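A.B. asks: Dropping a structure here in structure tokens format, bear with me for questions.
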Amino acid sequence: MDVLIAIKTRKSVRKYLKRNVEEEKLTAILEAGRLAPSASNRQEWRFVVVRAPEKRVKLAEAANQQTFVGEAPVVIAACAVTDAHLMRCGQACYPIDVAIALDHMSLAAAELGLGTCWIGAFDEDQVKKILNIPQEIRVVALMPLGYPSDPSVISKNRLPLSEIVKHDHW
Ligand SMILES: Cc1cc2nc3c(=O)[nH]c(=O)nc-3n(C[C@H](O)[C@H](O)[C@H](O)COP(=O)(O)O)c2cc1C
């Protein structure tokens, strides 16, 4: 599968099979994150891989009671070790860098037949408590990972290019 097919195949998966994720697939997905670009190659990302069922259930509670989060066999907490460094453009590096890594991972997962869903609706302090994450670490997103129960349905509800692309000026 090439990257454009992975981009078209990836979708938010909110229903997972009770099937484990093979260790080698998980490693390949984490490796895709490790190889992502980052501002000044800072690589501030850190990933907590959660398989323990009781912790997954607690993470789902911390994620606005989105129960499907705990039903996936793996949940990845995407974190940043960061001094909140700003780029010259004024944007913070760490949320962008962690997001790029996580996007690489979601595309790698799609290529391997696995489903993911970005989770931004969560209580960061609660997640830190559940996973013993030190206070100074930021949790940028959660990402459940597992085999989709319905791999076929892909619908992309997106604005057309004509609405989002401008040429030579705004
Ligand atoms: C930063 C971010 C946070 C998100 N948070 C949640 C979330 O908390 N719960 C959820 O069900 N989906 C969440 N989503 C998934 C979006 O709803 C989804 O990506 C969007 O509707 C497009 O659908 P698709 O991913 O199937 O293409 C999030 C996506 C992003 C990028």
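Labeling convention for the structure tokens: chains A, B, ... as they appear, residues from 1 per chain, ligands from 1 in order of appearance.
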Write out as a ChimeraX atom specification the residues lying within 10 Å of Glu111 (chain A), counting only C-alpha atoms and excluding same-chain residues fewer than 4 positions away.
C.D. replies: /A:1-3,5-7,9-10,29,105-107,115
A.B. asks: Residues of the last selection are to be written out with N, CA, C and O atoms, as a tab-separated table (two decimals), in the first residue's frame.
C.D. replies:
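See out22.tsv below for the written result:
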chain	number	residue	atom	x	y	z
A	1	MET	N	0.84	-1.19	0.00
A	1	MET	CA	0.00	0.00	0.00
A	1	MET	C	0.89	1.25	0.00
A	1	MET	O	1.85	1.33	0.75
A	2	ASP	N	0.59	2.20	-0.87
A	2	ASP	CA	1.40	3.42	-0.80
A	2	ASP	C	0.72	4.43	0.14
A	2	ASP	O	-0.39	4.23	0.61
A	3	VAL	N	1.43	5.51	0.37
A	3	VAL	CA	0.97	6.44	1.41
A	3	VAL	C	-0.37	7.08	1.06
A	3	VAL	O	-1.20	7.31	1.94
A	5	ILE	N	-2.82	5.71	-0.53
A	5	ILE	CA	-3.89	4.74	-0.21
A	5	ILE	C	-4.12	4.68	1.30
A	5	ILE	O	-5.26	4.64	1.77
A	6	ALA	N	-3.04	4.71	2.07
A	6	ALA	CA	-3.18	4.71	3.54
A	6	ALA	C	-3.97	5.94	3.99
A	6	ALA	O	-4.83	5.86	4.86
A	7	ILE	N	-3.68	7.08	3.36
A	7	ILE	CA	-4.40	8.32	3.73
A	7	ILE	C	-5.90	8.17	3.42
A	7	ILE	O	-6.75	8.57	4.22
A	9	THR	N	-7.54	5.34	3.22
A	9	THR	CA	-8.11	4.22	3.98
A	9	THR	C	-8.32	4.57	5.45
A	9	THR	O	-9.24	4.08	6.08
A	10	ARG	N	-7.46	5.42	5.99
A	10	ARG	CA	-7.57	5.75	7.43
A	10	ARG	C	-8.88	6.45	7.73
A	10	ARG	O	-9.33	7.32	7.00
A	29	ILE	N	4.33	0.37	14.05
A	29	ILE	CA	3.56	1.61	14.18
A	29	ILE	C	4.33	2.62	15.02
A	29	ILE	O	4.44	3.81	14.67
A	105	MET	N	1.76	7.42	12.76
A	105	MET	CA	1.38	6.15	13.37
A	105	MET	C	0.00	5.70	12.91
A	105	MET	O	-0.23	4.52	12.64
A	106	SER	N	-0.92	6.66	12.78
A	106	SER	CA	-2.28	6.27	12.37
A	106	SER	C	-2.27	5.78	10.91
A	106	SER	O	-3.02	4.87	10.55
A	107	LEU	N	-1.39	6.36	10.09
A	107	LEU	CA	-1.30	5.92	8.68
A	107	LEU	C	-0.63	4.55	8.60
A	107	LEU	O	-1.05	3.69	7.82
A	115	GLY	N	-7.10	-0.09	13.03
A	115	GLY	CA	-7.85	1.15	13.15
A	115	GLY	C	-7.37	1.96	14.34
A	115	GLY	O	-6.84	1.42	15.32
A.B. asks: Hey, what does DSSP flag as strand (DSSP E) within region 23-148 of chain A? Can you give it to me as a VMD selection string?
C.D. replies: chain A and resid 45 to 50 74 to 80 115 to 116 138 to 146
A.B. asks: Given the selection you just returned, output its residues as a file containing N, CA and C atoms, formatted as an mmCIF file, in the first residue's frame.
C.D. replies:
data_model
loop_
_atom_site.group_PDB
_atom_site.id
_atom_site.type_symbol
_atom_site.label_atom_id
_atom_site.label_comp_id
_atom_site.auth_asym_id
_atom_site.auth_seq_id
_atom_site.Cartn_x
_atom_site.Cartn_y
_atom_site.Cartn_z
ATOM 1 N N TRP A 45 8.519 13.779 21.676
ATOM 2 C CA TRP A 45 7.436 12.815 21.876
ATOM 3 C C TRP A 45 7.854 11.643 22.759
ATOM 4 N N ARG A 46 6.924 11.205 23.555
ATOM 5 C CA ARG A 46 7.069 9.971 24.334
ATOM 6 C C ARG A 46 5.715 9.271 24.264
ATOM 7 N N PHE A 47 5.709 7.954 24.169
ATOM 8 C CA PHE A 47 4.459 7.217 23.987
ATOM 9 C C PHE A 47 4.279 6.201 25.109
ATOM 10 N N VAL A 48 3.165 6.278 25.794
ATOM 11 C CA VAL A 48 2.843 5.268 26.801
ATOM 12 C C VAL A 48 1.869 4.290 26.140
ATOM 13 N N VAL A 49 2.301 3.041 26.011
ATOM 14 C CA VAL A 49 1.478 2.008 25.371
ATOM 15 C C VAL A 49 0.707 1.280 26.469
ATOM 16 N N VAL A 50 -0.596 1.399 26.423
ATOM 17 C CA VAL A 50 -1.425 0.847 27.504
ATOM 18 C C VAL A 50 -2.182 -0.364 26.998
ATOM 19 N N VAL A 74 -5.360 -1.765 22.648
ATOM 20 C CA VAL A 74 -4.203 -0.913 22.972
ATOM 21 C C VAL A 74 -4.671 0.536 22.956
ATOM 22 N N VAL A 75 -4.202 1.295 23.930
ATOM 23 C CA VAL A 75 -4.388 2.753 23.875
ATOM 24 C C VAL A 75 -2.994 3.383 24.003
ATOM 25 N N ILE A 76 -2.704 4.289 23.081
ATOM 26 C CA ILE A 76 -1.415 4.986 23.136
ATOM 27 C C ILE A 76 -1.662 6.393 23.673
ATOM 28 N N ALA A 77 -0.954 6.718 24.749
ATOM 29 C CA ALA A 77 -0.998 8.097 25.258
ATOM 30 C C ALA A 77 0.213 8.813 24.679
ATOM 31 N N ALA A 78 -0.057 9.796 23.828
ATOM 32 C CA ALA A 78 1.026 10.519 23.151
ATOM 33 C C ALA A 78 1.391 11.737 23.986
ATOM 34 N N CYS A 79 2.612 11.723 24.500
ATOM 35 C CA CYS A 79 3.045 12.721 25.475
ATOM 36 C C CYS A 79 4.218 13.528 24.932
ATOM 37 N N ALA A 80 4.552 14.587 25.649
ATOM 38 C CA ALA A 80 5.708 15.399 25.273
ATOM 39 C C ALA A 80 6.530 15.755 26.504
ATOM 40 N N GLY A 115 -7.098 -0.091 13.031
ATOM 41 C CA GLY A 115 -7.851 1.150 13.151
ATOM 42 C C GLY A 115 -7.367 1.960 14.342
ATOM 43 N N THR A 116 -7.571 3.269 14.232
ATOM 44 C CA THR A 116 -7.210 4.194 15.310
ATOM 45 C C THR A 116 -8.282 5.266 15.401
ATOM 46 N N ARG A 138 3.480 16.790 29.205
ATOM 47 C CA ARG A 138 2.179 17.097 28.635
ATOM 48 C C ARG A 138 1.613 15.875 27.918
ATOM 49 N N VAL A 139 0.325 15.662 28.051
ATOM 50 C CA VAL A 139 -0.349 14.601 27.292
ATOM 51 C C VAL A 139 -1.094 15.296 26.156
ATOM 52 N N VAL A 140 -0.694 15.007 24.923
ATOM 53 C CA VAL A 140 -1.235 15.739 23.762
ATOM 54 C C VAL A 140 -2.491 15.055 23.220
ATOM 55 N N ALA A 141 -2.476 13.743 23.178
ATOM 56 C CA ALA A 141 -3.639 13.018 22.630
ATOM 57 C C ALA A 141 -3.594 11.566 23.098
ATOM 58 N N LEU A 142 -4.751 10.948 23.050
ATOM 59 C CA LEU A 142 -4.846 9.495 23.252
ATOM 60 C C LEU A 142 -5.186 8.885 21.907
ATOM 61 N N MET A 143 -4.751 7.642 21.699
ATOM 62 C CA MET A 143 -5.103 6.981 20.445
ATOM 63 C C MET A 143 -5.356 5.489 20.669
ATOM 64 N N PRO A 144 -6.645 5.089 20.697
ATOM 65 C CA PRO A 144 -6.939 3.650 20.741
ATOM 66 C C PRO A 144 -6.497 3.009 19.434
ATOM 67 N N LEU A 145 -6.086 1.749 19.544
ATOM 68 C CA LEU A 145 -5.552 1.020 18.382
ATOM 69 C C LEU A 145 -6.039 -0.419 18.439
ATOM 70 N N GLY A 146 -6.595 -0.890 17.336
ATOM 71 C CA GLY A 146 -7.043 -2.282 17.294
ATOM 72 C C GLY A 146 -7.630 -2.609 15.938
#
A.B. asks: Hey, which of A:Arg88, A:Lys11, A:Lys129, A:Arg158 ends up closest to ligand 1? Count only C-alpha atoms and all ligand atoms.
C.D. replies: A:Lys11
A.B. asks: From the set A:Trp170, A:Tyr147, A:Phe68, A:Tyr94, which residue has the shortest atom-to-atom contact distance to ligand 1, counting only C-alpha atoms and all ligand atoms?
C.D. replies: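 Among the listed residues, the smallest separation from ligand 1 belongs to A:Phe68.
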A.B. asks: For chain A versus ligand 1, which residues have an atom no more than 7 Å away, and what is each residue's nearest atom pair and distance in Å rounded to one decimal, using only C-alpha atoms and all ligand atoms, chain-then-number order, as a tab-separated table?
C.D. replies:
residue	atom	partner	partner_atom_place_in_ligand_line	distance
A:Arg10	CA	ligand 1	27 (O)	6.8
A:Lys11	CA	ligand 1	26 (O)	3.6
A:Ser12	CA	ligand 1	26 (O)	3.8
A:Arg14	CA	ligand 1	11 (O)	6.8
A:Ala63	CA	ligand 1	8 (O)	6.9
A:Cys117	CA	ligand 1	15 (C)	5.9
A:Trp118	CA	ligand 1	28 (C)	4.4
A:Ile119	CA	ligand 1	8 (O)	3.7
A:Gly120	CA	ligand 1	5 (N)	3.8
A:Ala121	CA	ligand 1	8 (O)	3.9
A:Phe122	CA	ligand 1	8 (O)	6.9
A:Ser155	CA	ligand 1	26 (O)	6.9
A:Lys156	CA	ligand 1	27 (O)	5.5
